[in-house]
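Student: Next comes the structure file start.cif, holding mmCIF, C-alpha atoms.
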```cif
data_entry
loop_
_atom_site.label_atom_id
_atom_site.label_comp_id
_atom_site.auth_asym_id
_atom_site.auth_seq_id
_atom_site.Cartn_x
_atom_site.Cartn_y
_atom_site.Cartn_z
CA MET A 823 49.58 -15.08 7.83
CA GLY A 824 48.93 -18.62 6.68
CA GLU A 825 45.89 -20.12 5.07
CA VAL A 826 42.84 -20.49 7.25
CA VAL A 827 42.45 -24.09 8.34
CA PRO A 828 39.21 -24.62 10.23
CA LEU A 829 39.31 -27.16 12.99
CA ARG A 830 37.29 -30.11 11.85
CA PRO A 831 35.05 -31.83 14.35
CA ALA A 832 35.87 -35.25 15.65
CA GLU A 833 33.54 -38.16 15.22
CA PRO A 834 30.69 -38.03 17.72
CA GLY A 835 30.85 -40.17 20.84
CA GLY A 836 34.50 -39.77 21.65
CA SER A 837 36.37 -41.16 24.60
CA GLY A 838 34.57 -41.10 27.92
CA ARG A 839 37.81 -40.73 29.82
CA GLY A 840 37.76 -36.99 29.29
CA ARG A 841 34.61 -36.64 31.31
CA GLY A 842 36.38 -38.17 34.28
CA ILE A 843 39.32 -35.85 33.77
CA ARG A 844 37.02 -32.88 33.67
CA ARG A 845 35.31 -33.83 36.87
CA ALA A 846 38.59 -34.55 38.62
CA LEU A 847 40.15 -31.28 37.51
CA ALA A 848 37.11 -29.13 38.08
CA ALA A 849 37.63 -25.42 38.71
CA PRO A 850 35.03 -22.66 38.86
CA SER A 851 33.47 -22.43 35.43
CA ASP A 852 32.96 -19.13 33.65
CA THR A 853 29.25 -19.43 34.36
CA GLU A 854 29.89 -19.89 38.07
CA LEU A 855 32.30 -16.96 38.18
CA LEU A 856 29.89 -14.70 36.31
CA GLN A 857 27.09 -15.58 38.70
CA ARG A 858 29.34 -14.71 41.62
CA CYS A 859 30.37 -11.46 39.95
CA ARG A 860 26.72 -10.53 39.62
CA ALA A 861 26.53 -10.93 43.37
CA SER A 862 29.46 -8.49 43.69
CA ASP A 863 32.01 -11.21 44.56
CA ALA A 864 35.33 -9.46 43.96
CA ALA A 865 37.35 -12.67 44.30
CA ALA A 866 35.39 -14.18 41.42
CA TRP A 867 36.08 -11.09 39.33
CA ASP A 868 39.79 -11.39 40.04
CA LEU A 869 39.71 -14.98 38.83
CA LEU A 870 37.94 -13.97 35.63
CA VAL A 871 40.47 -11.22 34.96
CA GLU A 872 43.34 -13.58 35.65
CA ARG A 873 41.80 -16.16 33.36
CA TYR A 874 41.18 -13.88 30.39
CA GLU A 875 43.45 -10.84 30.57
CA ARG A 876 46.09 -12.47 28.35
CA LEU A 877 43.50 -13.49 25.77
CA VAL A 878 41.97 -10.01 25.55
CA PHE A 879 45.37 -8.33 25.48
CA SER A 880 46.58 -10.69 22.75
CA VAL A 881 43.50 -10.08 20.61
CA ALA A 882 44.24 -6.36 20.74
CA LEU A 883 47.89 -6.93 19.87
CA ARG A 884 47.00 -9.20 16.97
CA ASN A 885 44.74 -6.50 15.61
CA GLY A 886 47.62 -4.15 15.13
CA LEU A 887 47.77 -2.16 18.37
CA SER A 888 50.82 -1.14 20.36
CA ARG A 889 51.23 -2.67 23.80
CA GLU A 890 50.06 0.59 25.39
CA ASP A 891 46.92 0.76 23.27
CA ALA A 892 46.33 -2.97 23.76
CA ALA A 893 46.50 -2.44 27.51
CA ASP A 894 43.89 0.30 27.21
CA VAL A 895 41.65 -1.93 25.13
CA THR A 896 42.06 -4.70 27.69
CA GLN A 897 40.83 -2.42 30.44
CA THR A 898 38.00 -1.09 28.33
CA THR A 899 36.87 -4.57 27.39
CA PHE A 900 36.68 -5.70 30.99
CA VAL A 901 34.88 -2.51 31.98
CA ALA A 902 32.40 -3.40 29.24
CA LEU A 903 32.01 -6.78 30.90
CA ILE A 904 31.24 -5.13 34.25
CA ASP A 905 28.70 -3.01 32.45
CA SER A 906 27.18 -6.05 30.73
CA LEU A 907 27.22 -8.56 33.59
CA HIS A 908 23.44 -8.62 33.81
CA ARG A 909 22.90 -8.61 30.06
CA LEU A 910 25.14 -11.40 28.76
CA GLU A 911 23.19 -13.76 26.54
CA ASP A 912 25.38 -16.85 26.92
CA ASP A 913 27.68 -17.19 29.92
CA GLN A 914 29.31 -20.24 28.38
CA ARG A 915 30.69 -18.15 25.53
CA LEU A 916 32.37 -15.50 27.61
CA ALA A 917 35.70 -16.07 25.85
CA SER A 918 34.35 -15.26 22.40
CA TRP A 919 32.33 -12.34 23.81
CA LEU A 920 35.47 -10.80 25.26
CA MET A 921 37.39 -11.49 22.06
CA THR A 922 34.72 -9.84 19.92
CA VAL A 923 34.48 -6.72 22.08
CA ALA A 924 38.27 -6.43 22.23
CA ARG A 925 38.62 -6.78 18.49
CA ARG A 926 36.02 -4.12 17.78
CA GLN A 927 37.62 -1.80 20.31
CA ALA A 928 40.95 -2.39 18.58
CA TRP A 929 39.43 -1.51 15.23
CA ARG A 930 38.06 1.68 16.70
CA VAL A 931 41.43 2.65 18.14
CA ARG A 932 43.13 1.93 14.84
CA SER A 933 40.59 3.89 12.84
CA THR A 934 40.78 6.82 15.26
CA SER A 935 44.58 6.81 15.03
CA ARG A 936 44.43 6.86 11.26
CA ARG A 937 42.37 10.04 11.31
CA ASP A 938 45.42 11.80 12.70
CA VAL A 939 47.85 10.37 10.15
CA PRO A 940 48.68 12.45 7.05
CA LEU A 941 46.89 11.07 4.03
CA GLU A 942 50.09 10.44 2.07
CA THR A 943 51.33 8.02 4.72
CA LEU A 944 48.29 5.79 4.41
CA VAL A 945 49.69 3.53 1.72
CA GLU A 946 48.62 0.18 3.09
CA PRO A 947 45.44 -1.32 1.66
CA ALA A 948 42.32 -1.09 3.80
CA THR A 949 41.96 -4.26 5.80
CA GLU A 950 38.87 -4.78 7.89
CA ASP A 951 39.99 -7.99 9.48
CA PRO A 952 43.73 -8.56 9.68
CA TYR A 953 43.21 -11.74 11.55
CA GLU A 954 42.26 -14.61 9.29
CA LEU A 955 42.04 -17.34 11.89
CA TRP A 956 39.42 -15.50 13.89
CA ASP A 957 36.61 -18.05 13.73
CA THR A 958 38.93 -20.85 14.69
CA GLN A 959 40.29 -18.88 17.62
CA THR A 960 36.88 -18.09 19.09
CA VAL A 961 35.76 -21.70 18.81
CA VAL A 962 38.96 -22.97 20.41
CA HIS A 963 38.87 -20.56 23.33
CA ASP A 964 35.19 -21.18 24.06
CA ALA A 965 35.92 -24.91 24.07
CA LEU A 966 38.96 -24.43 26.29
CA ALA A 967 36.77 -22.52 28.72
CA THR A 968 34.29 -25.40 28.78
CA LEU A 969 37.14 -27.85 29.29
CA GLY A 970 38.38 -25.72 32.19
CA GLY A 971 40.62 -26.63 35.09
CA THR A 972 44.06 -28.12 34.75
CA CYS A 973 43.40 -29.30 31.20
CA ARG A 974 42.84 -25.75 30.02
CA GLU A 975 45.91 -24.49 31.86
CA LEU A 976 48.01 -27.33 30.48
CA LEU A 977 46.99 -26.85 26.86
CA LEU A 978 47.45 -23.09 27.07
CA ALA A 979 50.90 -23.56 28.56
CA LEU A 980 51.93 -26.09 25.93
CA TYR A 981 50.50 -24.48 22.81
CA PHE A 982 49.72 -20.80 23.50
CA ASP A 983 52.50 -19.63 25.82
CA PRO A 984 55.12 -17.65 23.86
CA ALA A 985 57.70 -18.55 26.52
CA GLU A 986 57.33 -22.21 25.50
CA PRO A 987 57.79 -23.60 29.02
CA SER A 988 59.31 -27.06 29.42
CA TYR A 989 57.40 -30.08 30.69
CA ALA A 990 59.32 -29.68 33.95
CA ASP A 991 58.23 -26.05 34.32
CA ILE A 992 54.62 -26.91 33.57
CA ALA A 993 54.67 -29.88 35.95
CA THR A 994 55.91 -27.62 38.73
CA ARG A 995 53.28 -25.01 37.94
CA LEU A 996 50.47 -27.57 37.96
CA GLY A 997 51.80 -29.63 40.87
CA ARG A 998 52.17 -32.78 38.81
CA SER A 999 54.91 -35.22 37.90
CA VAL A 1000 56.88 -34.53 34.75
CA GLY A 1001 56.15 -38.02 33.47
CA GLY A 1002 52.42 -37.41 33.64
CA ILE A 1003 52.39 -34.28 31.50
CA GLY A 1004 52.69 -36.04 28.14
CA PRO A 1005 49.84 -38.49 28.60
CA LEU A 1006 47.68 -35.87 30.29
CA ARG A 1007 48.06 -33.46 27.40
CA GLY A 1008 46.88 -36.18 25.02
CA ARG A 1009 43.80 -36.92 27.10
CA CYS A 1010 43.02 -33.23 27.51
CA LEU A 1011 43.37 -32.49 23.82
CA GLU A 1012 41.24 -35.48 22.91
CA ARG A 1013 38.57 -34.26 25.30
CA LEU A 1014 38.76 -30.79 23.76
CA ARG A 1015 38.20 -32.27 20.34
CA THR A 1016 35.13 -34.10 21.62
CA LEU A 1017 33.79 -30.94 23.24
CA MET A 1018 34.14 -29.02 20.01
CA THR A 1019 32.20 -31.73 18.24
CA GLU A 1020 29.45 -31.51 20.83
CA ASN A 1021 29.32 -27.73 20.47
CA LEU A 1022 28.97 -28.02 16.72
CA ALA A 1023 26.31 -30.72 16.91
CA MET B 1411 52.33 -51.89 14.46
CA THR B 1412 49.47 -54.24 15.23
CA THR B 1413 47.16 -51.86 17.04
CA PRO B 1414 46.17 -48.39 15.85
CA PRO B 1415 48.05 -45.58 17.59
CA THR B 1416 46.13 -43.78 20.31
CA PHE B 1417 45.26 -40.10 20.04
CA THR B 1418 48.12 -39.33 22.42
CA ARG B 1419 50.48 -41.33 20.21
CA LEU B 1420 49.35 -39.33 17.18
CA LEU B 1421 49.92 -36.17 19.18
CA ASP B 1422 53.41 -37.33 20.16
CA TRP B 1423 54.12 -37.84 16.47
CA VAL B 1424 52.84 -34.39 15.47
CA ASP B 1425 54.82 -32.85 18.33
CA GLY B 1426 57.97 -34.66 17.17
CA ARG B 1427 58.37 -36.61 20.39
CA LEU B 1428 58.84 -40.09 18.87
CA ASP B 1429 62.09 -41.74 17.82
CA ASP B 1430 62.61 -42.49 14.14
CA ASP B 1431 61.24 -46.03 14.15
CA ALA B 1432 58.13 -45.13 16.12
CA ALA B 1433 57.54 -42.03 14.02
CA GLU B 1434 57.77 -44.05 10.81
CA ALA B 1435 55.22 -46.55 12.12
CA VAL B 1436 52.77 -43.79 12.99
CA ARG B 1437 53.33 -42.05 9.67
CA ALA B 1438 52.54 -45.26 7.81
CA HIS B 1439 49.35 -45.73 9.79
CA VAL B 1440 48.22 -42.15 9.21
CA GLU B 1441 48.70 -42.58 5.48
CA SER B 1442 46.47 -45.62 5.48
CA SER B 1443 43.78 -44.51 7.93
CA GLU B 1444 41.31 -41.72 7.19
CA THR B 1445 40.32 -41.56 10.86
CA ALA B 1446 43.91 -41.12 11.97
CA ALA B 1447 44.55 -38.57 9.22
CA GLU B 1448 41.56 -36.51 10.37
CA ALA B 1449 42.80 -36.59 13.95
CA VAL B 1450 46.25 -35.48 12.84
CA GLU B 1451 44.78 -32.66 10.75
CA TRP B 1452 42.76 -31.49 13.75
CA ILE B 1453 45.82 -31.56 16.00
CA ARG B 1454 47.80 -29.53 13.50
CA SER B 1455 45.01 -26.98 13.22
CA PHE B 1456 44.90 -26.65 16.99
CA ARG B 1457 48.65 -26.13 17.12
CA GLU B 1458 48.36 -23.52 14.39
CA ALA B 1459 45.76 -21.64 16.45
CA GLY B 1460 48.26 -21.40 19.27
CA THR B 1461 51.08 -20.33 16.99
CA ALA B 1462 48.93 -17.68 15.31
CA MET B 1463 47.95 -15.99 18.56
CA PRO B 1464 50.24 -16.71 21.50
CA LEU B 1465 48.88 -15.31 24.74
CA GLU B 1466 50.94 -12.31 25.78
CA THR B 1467 50.78 -10.97 29.32
CA PRO B 1468 49.56 -7.37 29.73
CA PRO B 1469 51.33 -4.87 32.01
CA PRO B 1470 50.65 -5.64 35.69
CA GLU B 1471 48.82 -2.35 36.28
CA VAL B 1472 46.03 -3.58 34.00
CA ARG B 1473 45.07 -6.29 36.45
CA GLN B 1474 45.26 -3.92 39.39
CA ASN B 1475 43.16 -1.28 37.64
CA LEU B 1476 40.54 -3.88 36.83
CA ARG B 1477 40.50 -5.16 40.39
CA ASP B 1478 39.93 -1.60 41.59
CA ALA B 1479 37.27 -0.89 38.97
CA PHE B 1480 35.20 -3.89 39.99
CA ARG B 1481 35.45 -3.09 43.68
CA ARG B 1482 34.20 0.42 43.03
CA HIS B 1483 31.36 -1.03 40.98
CA ALA B 1484 30.54 -3.62 43.62
CA LYS B 1485 29.74 -0.97 46.19
CA PHE B 1486 26.48 -0.26 44.44
CA PRO B 1487 23.51 -2.55 43.71
CA PRO B 1488 22.90 -3.22 40.00
CA GLY B 1489 21.58 -0.19 38.18
CA THR B 1490 22.42 2.25 40.94
CA GLY B 1491 25.33 4.40 41.92
CA PRO B 1492 26.21 8.06 41.40
CA VAL B 1493 23.83 9.43 38.83
CA SER B 1494 23.78 12.58 36.79
CA GLU B 1495 21.90 13.47 33.67
CA LEU B 1496 22.76 15.69 30.77
CA SER B 1497 20.16 17.19 28.51
CA GLY B 1498 19.27 20.37 26.70
CA ASP B 1499 17.36 21.60 29.73
CA PRO B 1500 18.56 25.22 30.23
CA ARG B 1501 17.74 25.27 33.92
CA PRO B 1502 20.70 24.67 36.17
CA LEU B 1503 20.00 21.56 38.20
CA ARG B 1504 22.12 19.98 40.84
CA VAL B 1505 21.86 16.25 41.22
CA ALA B 1506 23.70 13.65 43.17
CA ALA B 1507 26.97 13.78 41.33
CA GLY B 1508 26.90 16.87 39.23
CA ALA B 1509 25.09 19.72 37.54
CA ARG B 1510 23.75 20.26 34.06
CA SER B 1511 22.97 23.28 31.95
CA ALA B 1512 22.62 24.36 28.35
CA ASP B 1513 23.67 27.58 26.67
CA GLY B 1514 20.77 27.80 24.25
CA GLU B 1515 22.98 27.33 21.21
CA GLY B 1516 22.74 23.59 20.90
CA VAL B 1517 25.43 22.99 23.47
CA GLY B 1518 24.83 21.22 26.76
CA HIS B 1519 27.16 21.07 29.71
CA VAL B 1520 27.53 18.79 32.68
CA VAL B 1521 29.91 18.82 35.60
CA LEU B 1522 30.42 15.54 37.43
CA GLU B 1523 32.21 15.10 40.72
CA GLY B 1524 33.82 11.78 41.44
CA SER B 1525 36.40 10.47 43.84
CA GLY B 1526 39.47 12.63 43.27
CA VAL B 1527 38.26 13.78 39.88
CA THR B 1528 36.01 16.37 38.25
CA LEU B 1529 34.71 15.87 34.74
CA THR B 1530 33.26 18.70 32.70
CA LEU B 1531 31.56 17.74 29.45
CA SER B 1532 30.34 20.03 26.70
CA VAL B 1533 28.08 18.36 24.19
CA LEU B 1534 27.57 19.73 20.70
CA HIS B 1535 24.23 18.55 19.36
CA ARG B 1536 25.23 18.21 15.74
CA ARG B 1537 23.14 15.39 14.33
CA ALA B 1538 20.16 13.28 15.21
CA ASP B 1539 22.15 10.23 16.29
CA LEU B 1540 25.64 11.57 16.93
CA VAL B 1541 27.17 14.30 19.08
CA ASP B 1542 30.63 15.74 19.61
CA LEU B 1543 32.08 15.96 23.10
CA HIS B 1544 34.63 18.44 24.41
CA GLY B 1545 35.78 17.70 27.92
CA LEU B 1546 38.00 18.82 30.74
CA LEU B 1547 39.17 16.41 33.39
CA THR B 1548 40.84 17.55 36.55
CA TRP B 1549 42.60 15.10 38.83
CA ASP B 1550 45.73 15.06 40.95
CA GLY B 1551 47.90 15.03 37.84
CA SER B 1552 49.55 11.70 38.57
CA ASP B 1553 50.35 9.17 35.88
CA PRO B 1554 48.95 7.24 34.23
CA ARG B 1555 46.35 9.74 33.06
CA PRO B 1556 42.84 8.54 33.86
CA GLU B 1557 40.99 6.66 31.16
CA ILE B 1558 37.58 8.01 30.20
CA VAL B 1559 35.10 5.40 29.01
CA LEU B 1560 31.74 6.26 27.47
CA SER B 1561 29.48 3.26 27.20
CA SER B 1562 26.13 2.47 25.68
CA PRO B 1563 23.89 -0.61 25.46
CA ASP B 1564 25.87 -1.59 22.38
CA PRO B 1565 29.35 -2.50 23.70
CA THR B 1566 30.83 -2.05 20.24
CA ALA B 1567 29.89 1.65 20.33
CA ARG B 1568 32.00 2.24 23.42
CA ARG B 1569 34.40 5.19 23.26
CA VAL B 1570 37.62 5.52 25.17
CA THR B 1571 40.10 8.33 25.49
CA ARG B 1572 42.67 9.83 27.78
CA PRO B 1573 42.95 13.57 28.36
CA GLU B 1574 45.89 15.62 27.24
CA ALA B 1575 48.33 16.75 29.92
CA ASP B 1576 46.19 19.86 30.49
CA GLY B 1577 43.10 17.69 31.05
CA GLU B 1578 41.32 18.46 27.77
CA PHE B 1579 39.95 15.86 25.41
CA ARG B 1580 37.67 15.74 22.37
CA LEU B 1581 35.53 12.96 20.96
CA THR B 1582 33.61 13.24 17.72
CA ASP B 1583 30.69 11.21 16.42
CA VAL B 1584 29.65 9.81 19.79
CA THR B 1585 26.39 7.92 19.66
CA ARG B 1586 23.48 9.53 21.47
CA ALA B 1587 22.75 6.10 22.92
CA THR B 1588 25.73 6.64 25.23
CA ASN B 1589 24.31 6.36 28.71
CA GLU B 1590 27.22 5.94 31.06
CA VAL B 1591 30.64 7.42 31.75
CA TRP B 1592 33.49 5.91 33.71
CA VAL B 1593 36.77 7.50 34.72
CA VAL B 1594 39.31 4.89 35.68
CA SER B 1595 42.74 5.38 37.19
CA PRO B 1596 44.62 4.21 40.28
CA SER B 1597 43.99 7.56 42.03
CA ALA B 1598 40.60 8.67 40.74
CA SER B 1599 37.26 7.19 39.91
CA LEU B 1600 33.92 8.31 38.60
CA HIS B 1601 30.88 6.41 37.41
CA ALA B 1602 27.77 8.26 36.29
CA GLN B 1603 24.80 7.75 34.05
CA LEU B 1604 24.37 10.11 31.12
CA ASP B 1605 21.49 11.16 28.96
CA LEU B 1606 22.77 12.85 25.83
CA GLY B 1607 19.25 13.86 24.93
CA THR B 1608 17.67 14.21 21.51
CA ASP B 1609 18.35 16.51 18.63
CA ALA B 1610 16.92 19.77 19.94
#
```
Just dump the structure as structure tokens.

Tutor:
Amino acid sequence: MGEVVPLRPAEPGGSGRGRGIRRALAAPSDTELLQRCRASDAAAWDLLVERYERLVFSVALRNGLSREDAADVTQTTFVALIDSLHRLEDDQRLASWLMTVARRQAWRVRSTSRRDVPLETLVEPATEDPYELWDTQTVVHDALATLGGTCRELLLALYFDPAEPSYADIATRLGRSVGGIGPLRGRCLERLRTLMTENLA
Amino acid sequence: MTTPPTFTRLLDWVDGRLDDDAAEAVRAHVESSETAAEAVEWIRSFREAGTAMPLETPPPEVRQNLRDAFRRHAKFPPGTGPVSELSGDPRPLRVAAGARSADGEGVGHVVLEGSGVTLTLSVLHRRADLVDLHGLLTWDGSDPRPEIVLSSPDPTARRVTRPEADGEFRLTDVTRATNEVWVVSPSASLHAQLDLGTDA
């Protein structure tokens, strides 16, 4: 694991073009989906699961779990969300809430597993947090959620998808021209940087 | 280069999408401009975040299980649903979803009936804030085995387990604040409120 490099905020008052992009590419926000879930809207719940299942699953994996255990933690984390729908303190930070619950569930699974392991096999040093870039990750994913829409999908596809899809694949997925992907990614990332500055202000 | 490179141009450079001449021009600008250097550093940090935790896709049954779990939950208004309580009360009492009893030796029992599943819990009242649970789950025996989730107001204190093939399971050091139990599987479901009582 490399050195922690916190994302530094951009200078305040960034480009206004991003605001136009955000409006044009609007999709239901996390806040909107959560409100609909509270009204028992199953379609909204499905969208939330689709939006965050990979993030929750990946947090569990990155905290040392097998795929089977990570799948269990993913389910448990979302069940916790059902349970907490009416108690969430900040709907706009759903991503980091899910990440935090998933990470703590992963710790619990790991610590429970270790109870069953013979003492002599426990040679690795105790590590409370194996994931050094945690703070950066939570900030980034909350900001991506605020960015939303096609911009979020584009940046996740370009920089977080282990399959590393080509511009052509992404263009097809998003219903856009291949030639527009490069410039769009720049505008989206610039907007994300501005959002993170606003969140830190 | 007479005009400063745009953010997208800097990104193209970091992503290695410029030819040699263009890349050299951007590199020279970045070396001479603190603003551009900060933007490049931010872009690299963002890329590193993606590299450090790529988003893996969970097994498809996870999504289906979660769809089903919410739909079961959505049948009931907030704060309602099948309810049972567990306490040290020695009197047998039948409630909506189960029965409770205690054996007088610091052990309480509850039997909960759900959809396609029966959950029997024995609670050992060991300490003021923690209890041990021994359980037996009966269902149709299909795989995957149902997941048993015990939740409390503190989501970080949540406990999860799956029964052995014979349906038994054990959980130690469960917080007394636990107030809800879920059983989740494609073929069975149960959702009930719990009261693990106080240290008798």

Student: Hey, which of B:Leu1606, B:Ile1558, B:Leu1547, B:Leu1529 ends up closest to chain A? Count all atoms listed in the file.

Tutor: B:Ile1558

Student: What residues come out when you apply the PyMOL selection byres ((chain B) within 6 of (chain A)) to this file, written as a list in words?

Tutor: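 Against this file, the PyMOL selection byres ((chain B) within 6 of (chain A)) returns the residues Thr1418, Trp1452, Ser1455, Gly1460, Pro1464, Leu1465, Glu1466, Thr1467 and Ala1484 of chain B.
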
Student: Record the distance separating CA of Gly1001 (chain A) and CA of Val1450 (chain B), expressed in Å with one decimal.

Tutor: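 If I compute the distance from CA of Gly1001 (chain A) to CA of Val1450 (chain B), I get 23.0 Å.
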
Student: Using CA of Pro1573 (chain B) and CA of Gly1545 (chain B) as the two end points, give the distance in Å to one decimal.

Tutor: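 Pair CA of Pro1573 (chain B) / CA of Gly1545 (chain B) returns 8.3 Å.
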
Student: Running the PyMOL selection byres ((chain B and resi 1577) around 12) on this model by hand, what would come out? Give it as a list in words.

Tutor: Val1527, Thr1528, Leu1529, Thr1530, Leu1531, His1544, Gly1545, Leu1546, Leu1547, Thr1548, Trp1549, Asp1550, Gly1551, Ser1552, Arg1555, Pro1556, Glu1557, Ile1558, Thr1571, Arg1572, Pro1573, Glu1574, Ala1575, Asp1576, Glu1578, Phe1579 and Arg1580 of chain B

Student: When you draw a straight line from CA of Thr1588 (chain B) to CA of Ser1561 (chain B), how long is it in Å?

Tutor: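 One can read the CA of Thr1588 (chain B) to CA of Ser1561 (chain B) distance as 5.4 Å.
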
Student: Applying 9 Å and all atoms listed in the file, which residues near Ser1525 (chain B) remain after dropping the ones on its own chain fewer than 2 positions away? List them as a list of chain:residue names.

Tutor: B:Glu1523, B:Val1527, B:Thr1528, B:Ser1597, B:Ala1598, B:Ser1599, B:Leu1600

Student: When you look at Ile992 (chain A) with a cut-off of 10 Å (counting all atoms listed in the file), what residues show up, excluding the ones that are within fewer than 3 positions of it in the same chain? I need them as a PyMOL selection string.

Tutor: chain A and resi 975-976+979-980+986-989+995-1000+1003

Student: Measuring atom to atom with all atoms listed in the file, identify which of A:Leu969, A:Leu1014, A:Leu920, A:Val961 is nearest to Pro850 (chain A).

Tutor: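 Of A:Leu969, A:Leu1014, A:Leu920, A:Val961, the one nearest Pro850 (chain A) is A:Leu969, counting all atoms listed in the file.
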
Student: Copy region 1545-1592 of chain B out of the block into a file, keeping C-alpha atoms, as a CSV table (one decimal), in the first residue's frame.

Tutor:
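Result written to out.csv:
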```csv
chain,number,residue,atom,x,y,z
B,1545,GLY,CA,-30.0,-20.7,18.5
B,1546,LEU,CA,-31.7,-23.2,16.3
B,1547,LEU,CA,-33.0,-22.2,12.9
B,1548,THR,CA,-35.3,-24.5,10.9
B,1549,TRP,CA,-36.1,-23.8,7.3
B,1550,ASP,CA,-36.5,-25.9,4.1
B,1551,GLY,CA,-32.8,-26.7,4.1
B,1552,SER,CA,-32.1,-25.1,0.7
B,1553,ASP,CA,-28.9,-23.2,0.0
B,1554,PRO,CA,-27.7,-20.7,0.7
B,1555,ARG,CA,-28.3,-21.0,4.4
B,1556,PRO,CA,-30.3,-18.1,5.8
B,1557,GLU,CA,-28.4,-15.2,7.2
B,1558,ILE,CA,-29.3,-14.2,10.8
B,1559,VAL,CA,-28.9,-10.5,11.5
B,1560,LEU,CA,-29.2,-9.1,15.0
B,1561,SER,CA,-29.4,-5.3,15.0
B,1562,SER,CA,-29.3,-2.5,17.6
B,1563,PRO,CA,-29.5,1.3,17.5
B,1564,ASP,CA,-25.8,1.3,17.0
B,1565,PRO,CA,-25.2,-0.2,13.5
B,1566,THR,CA,-21.6,-1.0,14.4
B,1567,ALA,CA,-22.8,-3.4,17.0
B,1568,ARG,CA,-24.7,-5.5,14.5
B,1569,ARG,CA,-24.1,-9.3,14.6
B,1570,VAL,CA,-24.4,-11.6,11.7
B,1571,THR,CA,-24.2,-15.4,11.4
B,1572,ARG,CA,-25.3,-18.3,9.4
B,1573,PRO,CA,-26.4,-21.6,11.1
B,1574,GLU,CA,-24.5,-24.8,10.7
B,1575,ALA,CA,-26.0,-27.5,8.5
B,1576,ASP,CA,-28.1,-28.8,11.4
B,1577,GLY,CA,-29.5,-25.3,12.0
B,1578,GLU,CA,-27.6,-24.5,15.2
B,1579,PHE,CA,-25.6,-21.3,15.8
B,1580,ARG,CA,-23.9,-19.6,18.7
B,1581,LEU,CA,-23.1,-15.9,19.2
B,1582,THR,CA,-21.1,-14.6,22.2
B,1583,ASP,CA,-20.9,-11.1,23.7
B,1584,VAL,CA,-24.0,-9.8,22.0
B,1585,THR,CA,-25.0,-6.4,23.3
B,1586,ARG,CA,-28.2,-6.2,25.3
B,1587,ALA,CA,-29.1,-3.2,23.2
B,1588,THR,CA,-29.9,-5.6,20.4
B,1589,ASN,CA,-33.5,-5.0,19.6
B,1590,GLU,CA,-34.3,-6.6,16.3
B,1591,VAL,CA,-33.6,-9.9,14.4
B,1592,TRP,CA,-33.8,-10.5,10.7
```
